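**Student:** model.tsv (TSV, C-alpha atoms) pasted underneath:
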```tsv
chain	number	residue	atom	x	y	z
O	114	ALA	CA	55.74	68.59	6.96
O	115	LEU	CA	59.09	68.41	8.78
O	116	GLU	CA	60.14	71.80	7.43
O	117	VAL	CA	56.86	73.35	8.54
O	118	ALA	CA	57.23	71.85	12.02
O	119	ALA	CA	60.89	72.85	12.34
O	120	GLY	CA	60.23	76.40	11.17
O	121	ARG	CA	57.08	76.67	13.28
O	122	GLN	CA	55.19	78.01	10.33
O	123	LYS	CA	51.61	78.90	11.01
O	124	PRO	CA	49.11	77.28	8.68
O	125	LYS	CA	47.55	79.53	6.12
O	126	ARG	CA	43.92	80.40	6.47
O	127	MET	CA	41.98	78.30	4.01
O	128	ASP	CA	38.54	79.00	2.63
O	129	PHE	CA	37.33	75.69	1.26
O	130	CYS	CA	33.79	76.69	0.36
O	131	SER	CA	32.90	77.91	-3.10
O	132	GLY	CA	29.98	78.87	-5.27
O	133	PRO	CA	26.54	79.54	-3.79
O	134	VAL	CA	27.55	78.07	-0.41
O	135	HIS	CA	30.50	80.46	-0.27
O	136	ARG	CA	28.33	83.47	-1.03
O	137	SER	CA	25.68	82.49	1.49
O	138	ILE	CA	28.12	81.82	4.35
O	139	HIS	CA	30.08	85.01	3.78
O	140	ALA	CA	26.92	87.10	3.51
O	141	VAL	CA	25.68	85.70	6.82
O	142	ALA	CA	29.14	86.12	8.38
O	143	HIS	CA	29.16	89.84	7.61
O	144	LEU	CA	25.61	90.14	8.91
O	145	VAL	CA	26.26	88.50	12.30
O	146	GLU	CA	29.88	89.59	12.80
O	147	ASP	CA	29.05	91.99	15.64
O	148	HIS	CA	26.85	89.45	17.41
O	149	ALA	CA	29.52	86.76	17.10
O	150	GLN	CA	32.24	89.01	18.52
O	151	ARG	CA	30.00	89.89	21.44
O	152	MET	CA	29.50	86.18	22.20
O	153	ASN	CA	33.21	85.44	21.57
O	154	ILE	CA	32.31	83.09	18.70
O	155	PRO	CA	34.18	83.07	15.35
O	156	SER	CA	31.95	84.77	12.81
O	157	ARG	CA	32.66	82.14	10.15
O	158	PHE	CA	31.66	79.34	12.52
O	159	ALA	CA	28.52	81.19	13.58
O	160	ALA	CA	27.57	81.86	9.96
O	161	THR	CA	28.06	78.23	8.98
O	162	LYS	CA	25.92	77.01	11.87
O	163	LEU	CA	23.21	79.53	11.02
O	164	VAL	CA	23.18	78.38	7.40
O	165	GLU	CA	22.85	74.82	8.69
O	166	GLY	CA	19.88	75.93	10.78
O	167	ASP	CA	21.45	75.44	14.21
O	168	GLU	CA	18.88	76.64	16.74
O	169	ILE	CA	21.35	76.90	19.65
O	170	ILE	CA	23.61	79.36	17.81
O	171	ARG	CA	20.59	81.30	16.60
O	172	GLN	CA	19.33	81.79	20.15
O	173	ALA	CA	22.80	82.54	21.51
O	174	LEU	CA	23.39	85.36	19.01
O	175	GLN	CA	20.03	86.97	19.83
O	176	LEU	CA	19.36	88.06	16.26
O	177	SER	CA	16.55	90.38	15.33
O	178	GLU	CA	13.65	89.35	13.14
O	179	ASN	CA	15.01	91.41	10.27
O	180	GLU	CA	18.39	89.69	10.50
O	181	LEU	CA	16.77	86.26	10.65
O	182	ASP	CA	14.73	87.06	7.56
O	183	MET	CA	17.86	88.14	5.70
O	184	ILE	CA	19.63	84.92	6.69
O	185	GLU	CA	16.71	82.78	5.55
O	186	HIS	CA	16.55	84.71	2.29
O	187	SER	CA	20.25	84.04	1.67
O	188	VAL	CA	19.85	80.34	2.46
O	189	THR	CA	16.77	80.07	0.24
O	190	GLU	CA	18.68	81.58	-2.68
O	191	MET	CA	21.49	79.08	-2.13
O	192	GLU	CA	19.06	76.14	-2.05
O	193	GLN	CA	17.28	77.29	-5.20
O	194	GLU	CA	20.55	77.78	-7.06
O	195	LEU	CA	21.91	74.37	-6.06
O	196	GLY	CA	18.61	72.53	-6.25
O	197	THR	CA	19.07	70.91	-2.83
O	198	ASP	CA	18.55	71.65	0.85
O	199	ARG	CA	21.02	73.36	3.17
O	200	GLU	CA	22.25	70.20	4.91
O	201	ALA	CA	23.06	68.46	1.65
O	202	ALA	CA	24.74	71.57	0.23
O	203	LEU	CA	27.08	71.95	3.21
O	204	ALA	CA	27.82	68.22	3.33
O	205	ASP	CA	28.66	68.20	-0.37
O	206	MET	CA	30.94	71.20	0.12
O	207	ARG	CA	32.87	69.44	2.89
O	208	TYR	CA	33.19	66.13	1.08
O	209	THR	CA	34.35	67.89	-2.08
O	210	PHE	CA	37.09	69.61	-0.11
O	211	ILE	CA	38.11	66.33	1.55
O	212	GLU	CA	38.33	64.60	-1.83
O	213	GLN	CA	40.52	67.39	-3.19
O	214	VAL	CA	42.87	67.21	-0.20
O	215	CYS	CA	43.11	63.42	-0.45
O	216	ALA	CA	43.78	63.59	-4.18
O	217	GLU	CA	46.64	66.05	-3.61
O	218	SER	CA	48.22	64.45	-0.55
O	219	VAL	CA	47.43	60.73	-0.43
O	220	VAL	CA	49.75	58.48	-2.43
O	221	LYS	CA	48.53	54.96	-3.01
O	222	GLY	CA	51.06	52.20	-3.48
O	223	HIS	CA	51.16	50.22	-6.70
O	224	GLN	CA	49.49	46.85	-6.61
O	225	SER	CA	51.67	43.82	-7.18
O	226	LYS	CA	51.14	41.44	-10.08
O	227	GLU	CA	49.81	38.82	-7.67
O	228	SER	CA	47.27	41.28	-6.28
O	229	LEU	CA	46.13	42.33	-9.75
O	230	ARG	CA	45.83	38.70	-10.80
O	231	SER	CA	43.78	37.94	-7.69
O	232	VAL	CA	41.46	40.87	-8.42
O	233	LYS	CA	40.93	39.67	-11.99
O	234	ILE	CA	40.15	36.14	-10.81
O	235	ASP	CA	37.75	37.46	-8.17
O	236	SER	CA	35.97	39.59	-10.76
O	237	VAL	CA	35.05	36.37	-12.57
O	238	LEU	CA	34.52	33.93	-9.70
O	239	THR	CA	32.46	36.40	-7.66
O	240	HIS	CA	30.58	37.90	-10.60
O	241	LYS	CA	27.07	39.13	-9.89
O	242	TYR	CA	25.44	36.62	-12.23
O	243	LEU	CA	28.14	34.03	-12.97
O	244	ALA	CA	29.27	33.34	-9.38
O	245	ILE	CA	26.62	30.72	-8.56
O	246	PRO	CA	26.87	28.80	-11.87
O	247	ILE	CA	30.67	28.77	-11.59
O	248	PHE	CA	30.43	27.57	-7.98
O	249	LEU	CA	28.07	24.75	-8.98
O	250	GLY	CA	30.42	23.80	-11.81
O	251	ILE	CA	33.40	23.68	-9.45
O	252	MET	CA	31.48	21.51	-6.97
O	253	MET	CA	30.43	19.13	-9.77
O	254	LEU	CA	34.06	18.89	-10.87
O	255	ILE	CA	35.16	18.13	-7.32
O	256	PHE	CA	32.55	15.40	-6.90
O	257	TRP	CA	33.45	13.90	-10.27
O	258	LEU	CA	37.14	13.80	-9.39
O	259	THR	CA	36.36	12.42	-5.93
O	260	PHE	CA	33.88	9.68	-6.80
O	261	GLY	CA	34.74	9.05	-10.44
O	262	VAL	CA	38.50	9.41	-10.88
O	263	LEU	CA	40.85	9.86	-7.94
O	264	GLY	CA	38.74	8.35	-5.16
O	265	PRO	CA	38.07	4.95	-6.77
O	266	LEU	CA	41.65	4.74	-8.03
O	267	LEU	CA	43.13	5.32	-4.58
O	268	SER	CA	40.54	3.01	-3.01
O	269	ASP	CA	41.54	0.22	-5.40
O	270	TRP	CA	45.20	0.70	-4.55
O	271	LEU	CA	44.44	0.65	-0.83
O	272	SER	CA	42.29	-2.47	-1.25
O	273	LEU	CA	45.14	-4.20	-3.07
O	274	GLY	CA	47.49	-3.31	-0.24
O	275	ILE	CA	45.05	-4.55	2.40
O	276	ASP	CA	44.48	-7.78	0.46
O	277	ALA	CA	48.23	-8.34	0.19
O	278	VAL	CA	48.73	-7.81	3.93
O	279	THR	CA	45.72	-10.01	4.72
O	280	SER	CA	47.08	-12.81	2.53
O	281	LEU	CA	50.49	-12.53	4.16
O	282	ILE	CA	49.03	-12.68	7.68
O	283	ASP	CA	46.75	-15.55	6.65
O	284	ARG	CA	49.69	-17.64	5.47
O	285	ALA	CA	51.66	-16.80	8.59
O	286	LEU	CA	48.83	-17.82	10.92
O	287	THR	CA	48.30	-21.04	8.96
O	288	ALA	CA	51.99	-21.86	9.08
O	289	TYR	CA	52.12	-21.39	12.86
O	290	GLY	CA	48.99	-23.50	13.36
O	291	ILE	CA	46.96	-20.83	15.14
O	292	ASN	CA	43.60	-21.90	16.54
O	293	PRO	CA	40.97	-21.74	13.76
O	294	VAL	CA	38.71	-19.52	15.87
O	295	VAL	CA	41.49	-16.99	16.48
O	296	HIS	CA	42.54	-17.31	12.85
O	297	SER	CA	39.02	-16.53	11.65
O	298	LEU	CA	38.72	-13.65	14.13
O	299	ILE	CA	41.89	-12.02	12.84
O	300	ILE	CA	41.41	-12.63	9.13
O	301	ASP	CA	37.63	-12.51	8.69
O	302	GLY	CA	36.94	-10.12	11.53
O	303	VAL	CA	39.77	-7.64	11.87
O	304	PHE	CA	41.30	-7.48	8.41
O	305	ALA	CA	38.11	-8.00	6.40
O	306	GLY	CA	36.03	-5.63	8.55
O	307	VAL	CA	38.61	-2.90	8.98
O	308	GLY	CA	39.74	-3.26	5.38
O	309	SER	CA	36.24	-2.69	4.04
O	310	VAL	CA	35.96	0.49	6.12
O	311	LEU	CA	39.42	1.74	5.16
O	312	SER	CA	38.59	1.34	1.49
O	313	PHE	CA	36.35	4.43	1.80
O	314	LEU	CA	39.10	6.50	3.40
O	315	PRO	CA	40.73	7.70	0.13
O	316	ILE	CA	37.40	9.04	-1.13
O	317	ILE	CA	36.87	11.02	2.07
O	318	VAL	CA	40.46	12.31	2.03
O	319	VAL	CA	40.20	13.47	-1.59
O	320	LEU	CA	36.87	15.19	-0.97
O	321	PHE	CA	38.09	17.09	2.07
O	322	PHE	CA	41.35	17.93	0.30
O	323	PHE	CA	39.50	19.81	-2.44
O	324	LEU	CA	37.11	21.44	0.03
O	325	SER	CA	40.04	22.62	2.17
O	326	ILE	CA	41.59	24.26	-0.90
O	327	LEU	CA	38.38	26.17	-1.56
O	328	GLU	CA	38.11	27.16	2.10
O	329	ASP	CA	41.74	28.23	2.59
O	330	SER	CA	41.73	30.28	-0.61
O	331	GLY	CA	38.76	32.27	0.70
O	332	TYR	CA	36.57	31.31	-2.24
O	333	MET	CA	33.88	29.61	-0.14
O	334	ALA	CA	33.49	32.68	2.08
O	335	ARG	CA	33.12	35.11	-0.85
O	336	VAL	CA	30.61	33.20	-2.95
```
Before anything else, please render the file you have as structure tokens.
**Tutor:**
Amino acid sequence: ALEVAAGRQKPKRMDFCSGPVHRSIHAVAHLVEDHAQRMNIPSRFAATKLVEGDEIIRQALQLSENELDMIEHSVTEMEQELGTDREAALADMRYTFIEQVCAESVVKGHQSKESLRSVKIDSVLTHKYLAIPIFLGIMMLIFWLTFGVLGPLLSDWLSLGIDAVTSLIDRALTAYGINPVVHSLIIDGVFAGVGSVLSFLPIIVVLFFFLSILEDSGYMARV
């Protein structure tokens, strides 16, 4: 590209149509060449628009009935040979050319091992039929770990810690001879009440920890 720009090389004229479309466009181009030159329109462009059925170009060229019949005959032959209508034939011609150019010029980078591994995992976790059963299985595993294994274990440890602190404060208040009402308020009210609430904290933390992993990994959004 740099050499072409530096040398100011003019691009070569490229004819990217082929087959029946090519024959139809070129036949129409030769037929309307004089009309296109008179209107200062490229004959190839005019022929392509006429094959597409563009009414504006048809009126601008002021074609005779005989010429219009010849154009329609050429288009009809093209449609019969391809088994499709004119719009689809021209669209297919253009997309085929685009695919060829992309195949020759576009270079795709190699995927990393991490990317390939992620694609393989996604192909299983987001499978058309297995995605929902796998998701339900993962959620059951999370709830089992939360309420059956990790959650109760951490709650028991926290309860032991709270009980130890409560016992220590209880002995300290008794040793200092604190008023029984204040003593009961602190031990039975604050430590017992707050401790019973805090005992559920590990379960909530574990549950949201697993859910945050699913959310941050993008799994929840793709299922």
**Student:** How many Å lie between atom CA of Arg151 of chain O and atom CA of Gly132 of chain O, rounded to one decimal?
**Tutor:**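 Value for the atom CA of Arg151 of chain O-atom CA of Gly132 of chain O distance: 28.9 Å.
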**Student:** What separation in Å, quoted to one decimal, exists between atom CA of Leu311 of chain O and atom CA of Ile291 of chain O?
**Tutor:**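 Atom CA of Ile291 of chain O lies 25.8 Å from atom CA of Leu311 of chain O.
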**Student:** Which is closer to Val145 of chain O than all the others in O:Asp301, O:Glu185, O:Glu180, O:Asp167, using all atoms listed in the file?
**Tutor:**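 Going through O:Asp301, O:Glu185, O:Glu180, O:Asp167 one by one, the smallest distance to Val145 of chain O is for O:Glu180.
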**Student:** I'd like the contact shell of Val336 of chain O - 9 Å cut-off, only C-alpha atoms, skipping same-chain residues fewer than 3 positions apart - returned as an mmCIF file with C-alpha atoms, keeping the file's coordinate frame.
**Tutor:**
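Result file follows (out38.cif):
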```
data_model
loop_
_atom_site.group_PDB
_atom_site.id
_atom_site.type_symbol
_atom_site.label_atom_id
_atom_site.label_comp_id
_atom_site.auth_asym_id
_atom_site.auth_seq_id
_atom_site.Cartn_x
_atom_site.Cartn_y
_atom_site.Cartn_z
ATOM 1 C CA LEU O 238 34.520 33.930 -9.700
ATOM 2 C CA THR O 239 32.460 36.400 -7.660
ATOM 3 C CA HIS O 240 30.580 37.900 -10.600
ATOM 4 C CA ALA O 244 29.270 33.340 -9.380
ATOM 5 C CA ILE O 245 26.620 30.720 -8.560
ATOM 6 C CA PHE O 248 30.430 27.570 -7.980
ATOM 7 C CA GLY O 331 38.760 32.270 0.700
ATOM 8 C CA TYR O 332 36.570 31.310 -2.240
ATOM 9 C CA MET O 333 33.880 29.610 -0.140
#
```
**Student:** Name the residues in contact with Ile282 of chain O at a cut-off of 12 Å, using only C-alpha atoms, excluding same-chain residues fewer than 2 positions from it; report them as an MDAnalysis selection string.
**Tutor:** chainID O and resid 275:280 284:289 291 296:297 299:301 303:305
**Student:** Counting only C-alpha atoms, which of O:Val214, O:Met152, O:Val237, O:Leu254 gets nearest to Ala173 of chain O?
**Tutor:** O:Met152
**Student:** Using all atoms listed in the file, pick whichever of O:Pro293, O:Gly302, O:Pro265, O:Pro155 has the shortest atom-to-atom distance to Leu320 of chain O.
**Tutor:**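 So, comparing all the options, the nearest one is O:Pro265.
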**Student:** For atom CA of Asp182 of chain O and atom CA of Ala142 of chain O, determine how far apart the two atoms are, in Å to one decimal place.
**Tutor:**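 Result for atom CA of Asp182 of chain O versus atom CA of Ala142 of chain O: 14.5 Å, one decimal.
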**Student:** Got a sec: who's within 10 Å of Asp205 of chain O, counting all atoms listed in the file, leaving out chain neighbours fewer than 5 positions off, as a count of residues only?
**Tutor:** 6
**Student:** Rank nothing, just name the residue among O:Val164, O:Ile234, O:Val294, O:Leu181 nearest to Ala201 of chain O, using only C-alpha atoms.
**Tutor:**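 So, comparing all the options, the nearest one is O:Val164.
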**Student:** Return the single residue from O:Ser330, O:Gly308, O:Phe256, O:His139 that is closest to Ser231 of chain O, with distances computed using only C-alpha atoms.
**Tutor:**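 So, comparing all the options, the nearest one is O:Ser330.
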**Student:** Box for segment 194-207 of chain O - axis-aligned, 4 Å on each of the six sides, all listed atoms - centre and size in Å to one decimal, as JSON.
**Tutor:**
```
{"center_x": 25.7, "center_y": 73.0, "center_z": -1.1, "size_x": 22.3, "size_y": 17.6, "size_z": 20.0}
```
**Student:** Rank nothing, just name the residue among O:Leu203, O:Ala216, O:Leu144, O:Val318 nearest to Ile184 of chain O, using only C-alpha atoms.
**Tutor:**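 Comparing O:Leu203, O:Ala216, O:Leu144, O:Val318 against Ile184 of chain O, the winner is O:Leu144.
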**Student:** As a short mmCIF file (atom, residue, chain, number, x, y, z; two decimals), in the frame of the given file, please: segment 270-298 of chain O completed to N, CA and C atoms.
**Tutor:**
```cif
data_model
loop_
_atom_site.label_atom_id
_atom_site.label_comp_id
_atom_site.auth_asym_id
_atom_site.auth_seq_id
_atom_site.Cartn_x
_atom_site.Cartn_y
_atom_site.Cartn_z
N TRP O 270 43.82 0.93 -4.99
CA TRP O 270 45.20 0.70 -4.55
C TRP O 270 45.26 0.30 -3.08
N LEU O 271 44.46 0.98 -2.26
CA LEU O 271 44.44 0.65 -0.83
C LEU O 271 43.89 -0.76 -0.61
N SER O 272 42.87 -1.12 -1.37
CA SER O 272 42.29 -2.47 -1.25
C SER O 272 43.32 -3.53 -1.63
N LEU O 273 44.09 -3.26 -2.68
CA LEU O 273 45.14 -4.20 -3.07
C LEU O 273 46.17 -4.35 -1.97
N GLY O 274 46.53 -3.24 -1.34
CA GLY O 274 47.49 -3.31 -0.24
C GLY O 274 46.95 -4.09 0.95
N ILE O 275 45.67 -3.83 1.28
CA ILE O 275 45.05 -4.55 2.40
C ILE O 275 44.95 -6.03 2.10
N ASP O 276 44.58 -6.36 0.85
CA ASP O 276 44.48 -7.78 0.46
C ASP O 276 45.84 -8.47 0.55
N ALA O 277 46.89 -7.75 0.14
CA ALA O 277 48.23 -8.34 0.19
C ALA O 277 48.65 -8.60 1.64
N VAL O 278 48.39 -7.63 2.52
CA VAL O 278 48.73 -7.81 3.93
C VAL O 278 47.89 -8.92 4.55
N THR O 279 46.61 -8.97 4.19
CA THR O 279 45.72 -10.01 4.72
C THR O 279 46.20 -11.40 4.30
N SER O 280 46.58 -11.51 3.03
CA SER O 280 47.08 -12.81 2.53
C SER O 280 48.37 -13.21 3.24
N LEU O 281 49.23 -12.24 3.47
CA LEU O 281 50.49 -12.53 4.16
C LEU O 281 50.24 -12.99 5.59
N ILE O 282 49.35 -12.30 6.30
CA ILE O 282 49.03 -12.68 7.68
C ILE O 282 48.32 -14.04 7.71
N ASP O 283 47.48 -14.28 6.72
CA ASP O 283 46.75 -15.55 6.65
C ASP O 283 47.73 -16.71 6.51
N ARG O 284 48.70 -16.56 5.64
CA ARG O 284 49.69 -17.64 5.47
C ARG O 284 50.54 -17.82 6.72
N ALA O 285 50.85 -16.70 7.38
CA ALA O 285 51.66 -16.80 8.59
C ALA O 285 50.90 -17.51 9.70
N LEU O 286 49.63 -17.17 9.88
CA LEU O 286 48.83 -17.82 10.92
C LEU O 286 48.64 -19.31 10.62
N THR O 287 48.45 -19.63 9.35
CA THR O 287 48.30 -21.04 8.96
C THR O 287 49.58 -21.81 9.21
N ALA O 288 50.70 -21.18 8.90
CA ALA O 288 51.99 -21.86 9.08
C ALA O 288 52.28 -22.12 10.56
N TYR O 289 51.87 -21.20 11.43
CA TYR O 289 52.12 -21.39 12.86
C TYR O 289 51.04 -22.23 13.54
N GLY O 290 50.02 -22.64 12.81
CA GLY O 290 48.99 -23.50 13.36
C GLY O 290 48.14 -22.82 14.42
N ILE O 291 47.79 -21.58 14.19
CA ILE O 291 46.96 -20.83 15.14
C ILE O 291 45.57 -21.45 15.19
N ASN O 292 44.95 -21.38 16.35
CA ASN O 292 43.60 -21.90 16.54
C ASN O 292 42.68 -21.35 15.46
N PRO O 293 41.85 -22.19 14.84
CA PRO O 293 40.97 -21.74 13.76
C PRO O 293 40.05 -20.59 14.17
N VAL O 294 39.60 -20.60 15.42
CA VAL O 294 38.71 -19.52 15.87
C VAL O 294 39.47 -18.18 15.89
N VAL O 295 40.67 -18.22 16.44
CA VAL O 295 41.49 -16.99 16.48
C VAL O 295 41.88 -16.58 15.06
N HIS O 296 42.18 -17.58 14.24
CA HIS O 296 42.54 -17.31 12.85
C HIS O 296 41.40 -16.61 12.12
N SER O 297 40.19 -17.13 12.30
CA SER O 297 39.02 -16.53 11.65
C SER O 297 38.74 -15.13 12.20
N LEU O 298 38.96 -14.97 13.52
CA LEU O 298 38.72 -13.65 14.13
C LEU O 298 39.66 -12.61 13.53
#
```
